[in-house]
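A short worksheet on the structure shown next.
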Amino acid sequence: MVERVTSHNMLTVEEYLKLEESATIRHEYVGGVIHAMVGTTKRHNRIAGNIYRRLADKAADGPCRVYMESVKVQADEDTIYYPDVMVACDPEDDDPLIEHQPCLIVEVTSPSTESIDRREKAFTYRKIPSLKAYLIVDQSRRWVERYWRDENGEWRQGGLADTGELPIPCPDMKLSLADIYEGL
């Protein structure tokens, strides 16, 4: 028996954005293909919320804007993601749906997204010219992997486990693992 395979055209960015306007669930867009975003655990949400709160408090009186989970970032011409937390400090553009110039992106891992966060997104996010740092926060243990641009514009990588503080470039601050995992 031969199974029939139905082919579908790849979506353009414009088609994706139009579809996303009326979608009941969020989708990320990679190379013409959309990927449904699944719900998160309470732990995941709490970690992202802790990070958002600390960043938003520090950014409150400055030029930076902090977003959580529902604002898209266009990582390159055919890739659009919904980061868990994102900060932008450049002047805001006219696009009400997408941030084009983030300086910090944070992803909190889940079992279904961890490999994407560590490989695909780590590679793609570093293509964003305005990005200064990318944090991958493990939700199952106290561990944060950090990618950052050094003073020469070269990407560096390091991690922090159990205790300590991470330098955050925008807004300029330190974020402790105790703050990230508060209440957990």
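Lettering and numbering for the structure tokens are positional, with chains as A, B, ... in the shown order, residues counted from 1 in each chain, and ligands counted from 1 in the shown order.
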
Write out as JSON lines a residue-level contact list of range 52-108 of chain A versus range 134-147 of chain A with cut-off 12 Å: for each qualifying residue the closest pair of atoms and the distance in Å to one decimal, counting only C-alpha atoms, rows sorted by chain and residue number upward.
```
{"residue": "A:Pro83", "atom": "CA", "partner": "A:Tyr134", "partner_atom": "CA", "distance": 10.3}
{"residue": "A:Asp84", "atom": "CA", "partner": "A:Ile136", "partner_atom": "CA", "distance": 10.0}
{"residue": "A:Val85", "atom": "CA", "partner": "A:Leu135", "partner_atom": "CA", "distance": 9.6}
{"residue": "A:Met86", "atom": "CA", "partner": "A:Tyr134", "partner_atom": "CA", "distance": 9.3}
{"residue": "A:Val87", "atom": "CA", "partner": "A:Tyr134", "partner_atom": "CA", "distance": 10.5}
{"residue": "A:Pro102", "atom": "CA", "partner": "A:Tyr134", "partner_atom": "CA", "distance": 10.1}
{"residue": "A:Cys103", "atom": "CA", "partner": "A:Tyr134", "partner_atom": "CA", "distance": 8.6}
{"residue": "A:Leu104", "atom": "CA", "partner": "A:Tyr134", "partner_atom": "CA", "distance": 5.8}
{"residue": "A:Ile105", "atom": "CA", "partner": "A:Tyr134", "partner_atom": "CA", "distance": 4.9}
{"residue": "A:Val106", "atom": "CA", "partner": "A:Leu135", "partner_atom": "CA", "distance": 4.7}
{"residue": "A:Glu107", "atom": "CA", "partner": "A:Ile136", "partner_atom": "CA", "distance": 5.1}
{"residue": "A:Val108", "atom": "CA", "partner": "A:Val137", "partner_atom": "CA", "distance": 4.6}
```

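What separates CA of Glu20 in chain A from CA of Ala133 in chain A is a distance of 27.4 Å.
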
Just the residues within 12 Å of Gly39 in chain A, please, counting only C-alpha atoms, with nothing from its chain fewer than 2 positions along; format it as an mmCIF file with C-alpha atoms, in the first residue's frame.
```
data_model
loop_
_atom_site.group_PDB
_atom_site.id
_atom_site.type_symbol
_atom_site.label_atom_id
_atom_site.label_comp_id
_atom_site.auth_asym_id
_atom_site.auth_seq_id
_atom_site.Cartn_x
_atom_site.Cartn_y
_atom_site.Cartn_z
ATOM 1 C CA ILE A 25 -1.541 29.306 19.909
ATOM 2 C CA ARG A 26 1.844 30.875 19.227
ATOM 3 C CA HIS A 27 4.130 29.587 16.479
ATOM 4 C CA ALA A 36 3.648 25.366 17.452
ATOM 5 C CA MET A 37 4.695 26.529 20.907
ATOM 6 C CA THR A 41 5.458 24.193 33.425
ATOM 7 C CA LYS A 42 4.875 26.322 36.498
ATOM 8 C CA ARG A 43 8.596 26.043 37.271
ATOM 9 C CA HIS A 44 9.536 27.315 33.795
ATOM 10 C CA ASN A 45 7.114 30.205 34.130
ATOM 11 C CA GLU A 69 7.183 35.382 26.100
ATOM 12 C CA ASP A 84 11.117 33.696 27.140
ATOM 13 C CA SER A 110 12.278 22.513 28.820
ATOM 14 C CA SER A 112 11.184 19.480 24.412
ATOM 15 C CA THR A 113 13.175 22.659 23.611
#
```

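In this structure, CA of Val73 in chain A sits 20.7 Å away from CA of Arg54 in chain A.
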
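Reported to one decimal place, the separation of CA of Arg126 in chain A from CA of Ile180 in chain A is 22.8 Å.
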
From a backbone DSSP assignment, name each residue in range 8-183 of chain A labelled alpha helix (DSSP H), as a ChimeraX atom specification.
/A:13-22,42-59,114-115,122-125,177-180

Emit the selected residues as a compact mmCIF listing (two decimals), in the first residue's frame, including C-alpha atoms.
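Everything below was put into result-v1.txt:
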```
# COMPACT_ATOMS: atom_id res chain seq x y z
CA VAL A 13 7.31 35.85 6.59
CA GLU A 14 4.30 37.97 5.64
CA GLU A 15 2.02 34.90 5.45
CA TYR A 16 3.32 33.71 8.82
CA LEU A 17 2.66 37.08 10.45
CA LYS A 18 -0.87 37.19 9.00
CA LEU A 19 -1.56 33.65 10.26
CA GLU A 20 -0.15 34.50 13.68
CA GLU A 21 -2.57 37.45 14.07
CA SER A 22 -5.54 35.08 14.39
CA LYS A 42 4.87 26.32 36.50
CA ARG A 43 8.60 26.04 37.27
CA HIS A 44 9.54 27.31 33.80
CA ASN A 45 7.11 30.21 34.13
CA ARG A 46 8.37 31.09 37.60
CA ILE A 47 12.00 31.19 36.45
CA ALA A 48 11.16 33.37 33.43
CA GLY A 49 9.04 35.60 35.67
CA ASN A 50 11.85 35.99 38.20
CA ILE A 51 14.25 37.05 35.45
CA TYR A 52 11.72 39.40 33.86
CA ARG A 53 10.96 41.07 37.20
CA ARG A 54 14.62 41.72 38.03
CA LEU A 55 15.38 43.08 34.55
CA ALA A 56 12.21 45.20 34.39
CA ASP A 57 12.88 46.69 37.83
CA LYS A 58 16.40 47.71 36.78
CA ALA A 59 15.24 49.02 33.39
CA GLU A 114 16.55 22.20 25.30
CA SER A 115 18.43 20.96 22.23
CA ALA A 122 22.43 29.73 20.17
CA PHE A 123 23.71 29.76 16.59
CA THR A 124 20.93 31.92 15.14
CA TYR A 125 20.69 34.50 17.93
CA LEU A 177 21.28 32.50 40.50
CA ALA A 178 19.47 33.06 43.80
CA ASP A 179 17.29 35.70 42.05
CA ILE A 180 16.69 33.47 39.01
```

So which bits of range 7-180 of chain A end up strand (DSSP E) when you DSSP the backbone, as a PyMOL selection string?
chain A and resi 27-30+33-36+65-68+72-76+79-81+85-88+98-99+102-108+133-137+143-149+155-161+165-169+172-176

Compile the contact shell of range 79-82 of chain A as a ChimeraX atom specification: residues with an atom at most 7 Å away, counting only C-alpha atoms, same-chain residues fewer than 2 positions apart removed.
/A:28-31,69-77,84

Given only C-alpha atoms as the basis, pick out the residue of A:Pro167, A:Lys121, A:Ala60, A:Cys89 nearest to Thr109 in chain A.
A:Lys121
